[in-house]
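One structure below.
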Amino acid sequence: MKIKGKLLEKLVDAGINIEEVERETDFNEEGEKVKYQIAKFPRARDFVPIKFNDRIEEQILLDSNFEHYKFIMDFEAIWSPKFKSIECEIAPVTRHMAPPSFLLKRLGKLLCDDDSEPEEFARYELEKSENGIVVSIGSASVEYAILSFCKDRMPRFDFARRRPTIRIENIDITKHDKAKSLLEKIGNSVLFKLDLSSNIGFKLVDDREIRRTYFRRKREQTDLDKAFPTYEYDSEPMSLYWYAKSAIEMPLLQFLALYQILEFYFPIFSNKNAHSTIKNIIKDPRFNPNKDSDITKILSTLNLNKNQLGFGSELEQLKSTIQDCLSIEELRDHIERDEEMVEFFKGKKAKDIASKTLNIANKTADLINEIAERIYEIRCRVVHTKSSDKNYDLLIPSSPELKYLVYDISVLEMIAKKVLIATSRLMKI
C-alpha cells in the first residue's frame, strides 16, 4: 500500500519520516527486488518500521491519532506525550491459563459487579490515583491496534483490536526513559495486585523481537533412518533436552537446560582428564615421588571442586566435557554454514551477551576453549553466581540483548547433542 494523499499528509504533519526500501522476493530465482514504503515511528534512539497494507481501512487510519504515538523499548507498548498516555499489551502469565477474553470478562464482573455480557472491545477502569492517574485494562485502543497490526503484519485488524492491554492515562511524560520507567513501575504493581487479589494473572508483554529464540537456518537434507535405534541415552539429560526444545519462547530456560546436559556429565569427563594429566606427570622421567614440588603438581590436579563431583573448577570441567565430545572442525563448520551466525560472532552484538568472543577469522584459533569460556560467562550471567571470578551483569527475561542469545543457544544445542551421542551406549532390552 503506497502512503499517499491524506494519510501521507497526516504522517508528515506529525513529523513521521517516510522511507522507500527494497528487498529481494523469496520466490524469484533471478533475485528481483520489490520496493515499498515504510513509516519510521520513534522508539527511544531508534525507530520501528511500519508498513501499511490494504487489510486495514484507510478511514480507520485517518480517524485515529496513531501518528502521535511512539514505541517503548523492550515492550510491546506505545506512549504519547501529546495524549499523556502509555499503553502496553498484556498476556496470561502461562499458556495453560484461560484465554485473555475470558480473563477480561472475569475482571469486568469483579470491577463492575455486573453479570451482563460485556461490550465488544470493553475496558475496565480502576480507581484514580490521588493525583488523577487513570489505569484501565481491556481490549486494545484503535491506536495501539493499528501500530501493532502493521508492525507484526497480522492477517486481520480485529485480531489486533482484541489483544488485551493496560493503559495509563493523565500522566505527564516527555521522555522515552520516563515512559518506560512508569510503565514498569505502575504496570507491574497493578498486575501484581490483580494477581494477589483475584488470581487473574496477566503480565506485561516483552518486545516480541526479544523473545525470538530461533533464526532461519537452512535445514540439511538427510535421509530418514528407518532402522530400529542401536543406542540408548540417560533419561535425566534426555528430559533436559526435550525441555530445552519445548522452551522456544523462554531462551534463558532453554540455555540453562542445555547447559545442565553438559553439567550432568562433568564428573565423567573431568575425571578422565584428571586421570590423563596425572598419568603424564608420573610418566615424566623427571618426576620424583620424594620431591614435594612434584607431589604438589598431583595434588593441584586432584583439586576437587566443592560444588561438583568432578575435578577442577566448573569452567575446567566444562572445557573437558566439550573437548572430549567435539572437534574444532565440527564447531567451526556449524558456525560457518550460516552467514547470519558468522556475522553475529564477528560483530559487536556478540559482546552484548558475553565479553568472551569467538575468533572465527583466525583458522588456528582454539575455538573449543573460546566457546567454553563464552558459554560459562553466559551461564554466570543467567544464574548470577556471587562466587564467580567476575561480577557479571544479570541476564533477565527483559534484557534487551536477550534477542541475540539465539546464536549461542544454537551452538550450545549442537554441543549438547554431541555430548549425548558420546555418552550413549548400546541399547539393552
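Ordered as shown in the C-alpha cells, chains take letters A, B, and onward, while each chain numbers its residues from 1 and ligands are numbered from 1 in the order shown.
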
Requested in this report: Skip Asp206 (chain A) itself and residues of its chain fewer than 5 positions away, then list as a VMD selection string all residues within 9 Å of it, counting only C-alpha atoms.
Outcome: chain A and resid 74 to 77 89 to 90 211 397 to 398

So which residues touch Leu420 (chain A) within 10 Å, counting only C-alpha atoms, skipping near sequence neighbours fewer than 5 positions away, as a PDB file with N, CA, C and O atoms, in the first residue's frame?
ATOM      1  N   GLU A 232      21.056 -46.206  23.371  1.00  0.00           N
ATOM      2  CA  GLU A 232      20.145 -45.617  24.351  1.00  0.00           C
ATOM      3  C   GLU A 232      20.877 -44.504  25.089  1.00  0.00           C
ATOM      4  O   GLU A 232      22.109 -44.429  25.078  1.00  0.00           O
ATOM      5  N   TYR A 233      20.082 -43.640  25.759  1.00  0.00           N
ATOM      6  CA  TYR A 233      20.643 -42.446  26.388  1.00  0.00           C
ATOM      7  C   TYR A 233      20.147 -42.343  27.824  1.00  0.00           C
ATOM      8  O   TYR A 233      19.086 -42.873  28.171  1.00  0.00           O
ATOM      9  N   ASP A 234      20.899 -41.654  28.647  1.00  0.00           N
ATOM     10  CA  ASP A 234      20.493 -41.452  30.039  1.00  0.00           C
ATOM     11  C   ASP A 234      19.208 -40.640  30.093  1.00  0.00           C
ATOM     12  O   ASP A 234      19.060 -39.638  29.380  1.00  0.00           O
ATOM     13  N   PRO A 237      19.431 -36.421  31.335  1.00  0.00           N
ATOM     14  CA  PRO A 237      19.788 -35.411  30.327  1.00  0.00           C
ATOM     15  C   PRO A 237      18.834 -35.391  29.137  1.00  0.00           C
ATOM     16  O   PRO A 237      18.629 -34.338  28.528  1.00  0.00           O
ATOM     17  N   MET A 238      18.224 -36.528  28.805  1.00  0.00           N
ATOM     18  CA  MET A 238      17.252 -36.522  27.712  1.00  0.00           C
ATOM     19  C   MET A 238      16.016 -35.717  28.090  1.00  0.00           C
ATOM     20  O   MET A 238      15.432 -35.008  27.262  1.00  0.00           O
ATOM     21  N   TYR A 241      16.912 -32.232  27.582  1.00  0.00           N
ATOM     22  CA  TYR A 241      16.987 -31.918  26.151  1.00  0.00           C
ATOM     23  C   TYR A 241      15.588 -31.589  25.604  1.00  0.00           C
ATOM     24  O   TYR A 241      15.405 -30.590  24.906  1.00  0.00           O
ATOM     25  N   ILE A 261      22.679 -30.325  30.655  1.00  0.00           N
ATOM     26  CA  ILE A 261      23.023 -31.601  29.998  1.00  0.00           C
ATOM     27  C   ILE A 261      24.524 -31.807  30.075  1.00  0.00           C
ATOM     28  O   ILE A 261      25.001 -32.894  30.438  1.00  0.00           O
ATOM     29  N   LEU A 262      25.278 -30.763  29.738  1.00  0.00           N
ATOM     30  CA  LEU A 262      26.736 -30.850  29.832  1.00  0.00           C
ATOM     31  C   LEU A 262      27.165 -31.047  31.278  1.00  0.00           C
ATOM     32  O   LEU A 262      28.037 -31.865  31.576  1.00  0.00           O
ATOM     33  N   TYR A 265      27.365 -34.489  32.892  1.00  0.00           N
ATOM     34  CA  TYR A 265      28.488 -35.371  32.561  1.00  0.00           C
ATOM     35  C   TYR A 265      29.843 -34.801  32.985  1.00  0.00           C
ATOM     36  O   TYR A 265      30.888 -35.373  32.645  1.00  0.00           O
ATOM     37  N   CYS A 325      34.072 -34.331  23.370  1.00  0.00           N
ATOM     38  CA  CYS A 325      32.896 -34.686  22.557  1.00  0.00           C
ATOM     39  C   CYS A 325      32.822 -33.947  21.227  1.00  0.00           C
ATOM     40  O   CYS A 325      31.974 -34.284  20.395  1.00  0.00           O
ATOM     41  N   ILE A 415      26.373 -28.721  20.758  1.00  0.00           N
ATOM     42  CA  ILE A 415      27.316 -29.339  21.688  1.00  0.00           C
ATOM     43  C   ILE A 415      26.603 -30.366  22.556  1.00  0.00           C
ATOM     44  O   ILE A 415      27.118 -31.471  22.797  1.00  0.00           O
ATOM     45  N   ARG A 425      25.056 -45.513  24.859  1.00  0.00           N
ATOM     46  CA  ARG A 425      25.545 -46.887  24.967  1.00  0.00           C
ATOM     47  C   ARG A 425      24.612 -47.815  24.203  1.00  0.00           C
ATOM     48  O   ARG A 425      23.481 -47.441  23.881  1.00  0.00           O
TER      49      ARG A 425
END

Legend entry - Which of region 93-267 of chain A DSSP labels helix (DSSP H, G or I), written as a VMD selection string: chain A and resid 100 to 112 142 to 152 157 to 161 176 to 198 235 to 246 251 to 264 266 to 267

### Message
Applying 7 Å and only C-alpha atoms, which residues near region 313-324 of chain A remain after dropping the ones on its own chain fewer than 5 positions away? List them as a ChimeraX atom specification.
### Response
/A:262,266,269-270,273,305,368-369,372,376

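Here the question is which of A:Ile86, A:Ile72, A:Val411, A:Leu252 gets nearest to Arg374 (chain A) using only C-alpha atoms, and that residue is A:Val411.
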
Q.
Quick check, in Å to one decimal: how far apart do CA of Leu394 (chain A) and CA of Asp207 (chain A) lie?
A.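 Computed distance, CA of Leu394 (chain A) to CA of Asp207 (chain A), equals 18.7 Å.
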
| task | Extract the full set of strand (DSSP E) residues from region 57-258 of chain A according to DSSP on the backbone, and format it as number ranges by chain. | result | A: 70-71, 77-80, 85-92, 123-125, 134-139, 164-169, 202-204, 231-232
